[in-house]
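Q: One structure follows; several queries about it will come next.
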Amino acid sequence: MTGFNELWSLADGVTRSVALLMLLMSISAWVLILWKTWLLRRARRDLALAVPAFWAAASLDAGRSALQHFDREELLLPLLDAATAPANKGTLEAAGRRESQLTRRLRDALHAVLRRLQFGQVLLASIGSTSPFIGLFGTVWGIYHALVSISAAGNITIDKVSGPVGEALIMTAAGLAVAIPAVLAYNIFGKLVGACEAELEGFAHDLREMLDSDARGV
């Protein structure tokens, strides 16, 4: 703790700004990691229970009730609502064939659901890709600042150089410490979101086929 306080007291404005920026990025990444872990676990569990319950229902109303019970994150309900919503008469939406209307409404609803599931992925990717370079910048600036201070004091020796340079390298380690969890979380969440997307696309396809067949009286 004493070493950290000494390092902070000797740092200039640029070094402190870099350290605070990396701290903010780390907090943001961990908040996203914890929230998305909770969200995607619920989503995977809900999909595993809600989809079979819907198809086991005797009617659309019963199926909707099953979704309301199991679909806590409302991933499937928007698809069902979009598929069963009547088209506004006198609009271009109602001018096309029924199957085309179903496809368009389900596609729009699916995209809206996926945007919720993918929220935060861009931020995690940005943190994972930029924080090592921010830490490296902090290291380079810290080394430059240390060498200038030592040069101004005169009597340069290896022991006087190694201490400040070693302390400046902490910024690189901090950048990696911020980046590694963000990159790992981004990859894991991407795989989980992809699995949820496949489930939702399959449900939307099957729902469209069922409603289209009912409309044709097949």
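Residues are named by chain letter and number: chains run A, B, ... in the order of the structure tokens, numbers start at 1 in each chain, and ligands are numbered from 1 in the order shown.
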Could you pull the residues within 9 Å of Leu207 (chain A), counting only C-alpha atoms, minus those fewer than 6 positions along the same chain, as number ranges by chain?
A: A: 79-80, 83
Q: Next, write the just-selected residues to a file, as a PDB file, in the first residue's frame, keeping all heavy atoms as the atom set.
A:
```pdb
ATOM      1  N   LEU A  79     -41.834 -12.565 -30.128  1.00  0.00           N
ATOM      2  CA  LEU A  79     -41.998 -13.262 -31.407  1.00  0.00           C
ATOM      3  C   LEU A  79     -43.445 -13.700 -31.599  1.00  0.00           C
ATOM      4  O   LEU A  79     -44.011 -13.551 -32.693  1.00  0.00           O
ATOM      5  CB  LEU A  79     -41.066 -14.473 -31.465  1.00  0.00           C
ATOM      6  CG  LEU A  79     -39.569 -14.198 -31.315  1.00  0.00           C
ATOM      7  CD1 LEU A  79     -38.776 -15.492 -31.421  1.00  0.00           C
ATOM      8  CD2 LEU A  79     -39.090 -13.202 -32.363  1.00  0.00           C
ATOM      9  N   LEU A  80     -44.034 -14.245 -30.549  1.00  0.00           N
ATOM     10  CA  LEU A  80     -45.429 -14.672 -30.644  1.00  0.00           C
ATOM     11  C   LEU A  80     -46.350 -13.481 -30.856  1.00  0.00           C
ATOM     12  O   LEU A  80     -47.283 -13.537 -31.678  1.00  0.00           O
ATOM     13  CB  LEU A  80     -45.822 -15.439 -29.377  1.00  0.00           C
ATOM     14  CG  LEU A  80     -47.259 -15.960 -29.328  1.00  0.00           C
ATOM     15  CD1 LEU A  80     -47.522 -16.932 -30.473  1.00  0.00           C
ATOM     16  CD2 LEU A  80     -47.548 -16.613 -27.986  1.00  0.00           C
ATOM     17  N   ALA A  83     -46.054 -12.290 -34.417  1.00  0.00           N
ATOM     18  CA  ALA A  83     -46.639 -13.211 -35.404  1.00  0.00           C
ATOM     19  C   ALA A  83     -48.159 -13.163 -35.393  1.00  0.00           C
ATOM     20  O   ALA A  83     -48.795 -13.350 -36.440  1.00  0.00           O
ATOM     21  CB  ALA A  83     -46.159 -14.634 -35.134  1.00  0.00           C
TER      22      ALA A  83
END
```
Q: Tell me, as number ranges by chain, which residues lie within 9 Å of region 20-24 of chain A, counting only C-alpha atoms; anything in the same chain fewer than 6 positions away does not count.
A: A: 131, 134-135, 174-175, 178
Q: What's around Asp71 (chain A) at 12 Å? Count only C-alpha atoms, leave out sequence neighbours fewer than 6 positions away in its own chain, and write the answer as a PDB file with N, CA and C atoms, in the first residue's frame.
A:
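The new file out.pdb reads:
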```pdb
ATOM      1  N   ARG A  42     -30.170 -17.147 -17.260  1.00  0.00           N
ATOM      2  CA  ARG A  42     -31.640 -17.154 -17.218  1.00  0.00           C
ATOM      3  C   ARG A  42     -32.228 -17.392 -18.602  1.00  0.00           C
ATOM      4  N   ALA A  43     -31.642 -16.758 -19.601  1.00  0.00           N
ATOM      5  CA  ALA A  43     -32.168 -16.899 -20.959  1.00  0.00           C
ATOM      6  C   ALA A  43     -32.069 -18.343 -21.448  1.00  0.00           C
ATOM      7  N   ARG A  44     -30.914 -18.974 -21.224  1.00  0.00           N
ATOM      8  CA  ARG A  44     -30.741 -20.363 -21.652  1.00  0.00           C
ATOM      9  C   ARG A  44     -31.713 -21.285 -20.921  1.00  0.00           C
ATOM     10  N   ARG A  45     -31.888 -21.054 -19.617  1.00  0.00           N
ATOM     11  CA  ARG A  45     -32.797 -21.881 -18.837  1.00  0.00           C
ATOM     12  C   ARG A  45     -34.243 -21.667 -19.291  1.00  0.00           C
ATOM     13  N   ASP A  46     -34.608 -20.412 -19.536  1.00  0.00           N
ATOM     14  CA  ASP A  46     -35.974 -20.110 -19.958  1.00  0.00           C
ATOM     15  C   ASP A  46     -36.288 -20.728 -21.315  1.00  0.00           C
ATOM     16  N   LEU A  47     -35.343 -20.631 -22.249  1.00  0.00           N
ATOM     17  CA  LEU A  47     -35.580 -21.206 -23.572  1.00  0.00           C
ATOM     18  C   LEU A  47     -35.744 -22.721 -23.501  1.00  0.00           C
ATOM     19  N   ALA A  48     -34.943 -23.358 -22.663  1.00  0.00           N
ATOM     20  CA  ALA A  48     -35.026 -24.813 -22.543  1.00  0.00           C
ATOM     21  C   ALA A  48     -36.379 -25.266 -21.989  1.00  0.00           C
ATOM     22  N   LEU A  49     -37.006 -24.415 -21.172  1.00  0.00           N
ATOM     23  CA  LEU A  49     -38.294 -24.784 -20.586  1.00  0.00           C
ATOM     24  C   LEU A  49     -39.479 -24.244 -21.390  1.00  0.00           C
ATOM     25  N   ALA A  50     -39.335 -23.043 -21.927  1.00  0.00           N
ATOM     26  CA  ALA A  50     -40.475 -22.374 -22.551  1.00  0.00           C
ATOM     27  C   ALA A  50     -40.835 -22.969 -23.906  1.00  0.00           C
ATOM     28  N   VAL A  51     -39.840 -23.280 -24.728  1.00  0.00           N
ATOM     29  CA  VAL A  51     -40.136 -23.783 -26.076  1.00  0.00           C
ATOM     30  C   VAL A  51     -40.901 -25.101 -26.032  1.00  0.00           C
ATOM     31  N   PRO A  52     -40.446 -26.122 -25.279  1.00  0.00           N
ATOM     32  CA  PRO A  52     -41.255 -27.361 -25.213  1.00  0.00           C
ATOM     33  C   PRO A  52     -42.639 -27.122 -24.605  1.00  0.00           C
ATOM     34  N   ALA A  53     -42.741 -26.232 -23.603  1.00  0.00           N
ATOM     35  CA  ALA A  53     -44.040 -25.963 -22.991  1.00  0.00           C
ATOM     36  C   ALA A  53     -44.997 -25.327 -23.993  1.00  0.00           C
ATOM     37  N   PHE A  54     -44.465 -24.464 -24.852  1.00  0.00           N
ATOM     38  CA  PHE A  54     -45.328 -23.823 -25.855  1.00  0.00           C
ATOM     39  C   PHE A  54     -45.867 -24.855 -26.840  1.00  0.00           C
ATOM     40  N   GLY A  63     -50.531 -21.702 -25.181  1.00  0.00           N
ATOM     41  CA  GLY A  63     -49.107 -21.558 -25.433  1.00  0.00           C
ATOM     42  C   GLY A  63     -48.577 -20.233 -24.946  1.00  0.00           C
ATOM     43  N   ARG A  64     -49.376 -19.187 -25.109  1.00  0.00           N
ATOM     44  CA  ARG A  64     -48.949 -17.865 -24.617  1.00  0.00           C
ATOM     45  C   ARG A  64     -48.856 -17.869 -23.095  1.00  0.00           C
ATOM     46  N   SER A  65     -49.808 -18.523 -22.449  1.00  0.00           N
ATOM     47  CA  SER A  65     -49.765 -18.622 -20.989  1.00  0.00           C
ATOM     48  C   SER A  65     -48.513 -19.354 -20.529  1.00  0.00           C
ATOM     49  N   LEU A  77     -41.914 -14.286 -26.142  1.00  0.00           N
ATOM     50  CA  LEU A  77     -43.190 -13.579 -26.204  1.00  0.00           C
ATOM     51  C   LEU A  77     -43.237 -12.510 -27.293  1.00  0.00           C
ATOM     52  N   PRO A  78     -42.182 -11.705 -27.473  1.00  0.00           N
ATOM     53  CA  PRO A  78     -42.232 -10.723 -28.580  1.00  0.00           C
ATOM     54  C   PRO A  78     -42.401 -11.377 -29.947  1.00  0.00           C
ATOM     55  N   LEU A  79     -41.834 -12.565 -30.128  1.00  0.00           N
ATOM     56  CA  LEU A  79     -41.998 -13.262 -31.407  1.00  0.00           C
ATOM     57  C   LEU A  79     -43.445 -13.700 -31.599  1.00  0.00           C
ATOM     58  N   LEU A  80     -44.034 -14.245 -30.549  1.00  0.00           N
ATOM     59  CA  LEU A  80     -45.429 -14.672 -30.644  1.00  0.00           C
ATOM     60  C   LEU A  80     -46.350 -13.481 -30.856  1.00  0.00           C
TER      61      LEU A  80
END
```
Q: When you look at His111 (chain A) with a cut-off of 12 Å (counting only C-alpha atoms), what residues show up, excluding the ones that are within fewer than 5 positions of it in the same chain? I need them as a list in words.
A: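 That gives Leu75, Pro78, Leu79, Ala82, Arg104, Arg105, Leu106, Arg116, Leu117, Gln118, Glu197, Leu200, Glu201 and Ala204 of chain A.
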Q: Can you tell me, as number ranges by chain, what residues are no more than 12 Å from Ala19 (chain A) when counting only C-alpha atoms, ignoring any on the same chain fewer than 5 positions away?
A: A: 4, 7-8, 11-14, 24-26, 131, 134-139, 141-142, 168, 170-175, 178
Q: In Å to one decimal, how far is CA of Ser129 (chain A) from CA of Leu39 (chain A)?
A: 23.8 Å
Q: Grab the CA of Leu147 (chain A) to CA of Thr15 (chain A) distance for me, in Å with one decimal place.
A: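 Straight-line distance from CA of Leu147 (chain A) to CA of Thr15 (chain A) works out to 14.3 Å.
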Q: From a DSSP pass on the backbone, collect the residues of region 15-160 of chain A flagged as alpha helix (DSSP H) and hand them back as a VMD selection string.
A: chain A and resid 15 to 55 60 to 70 77 to 84 98 to 117 121 to 153 158 to 160
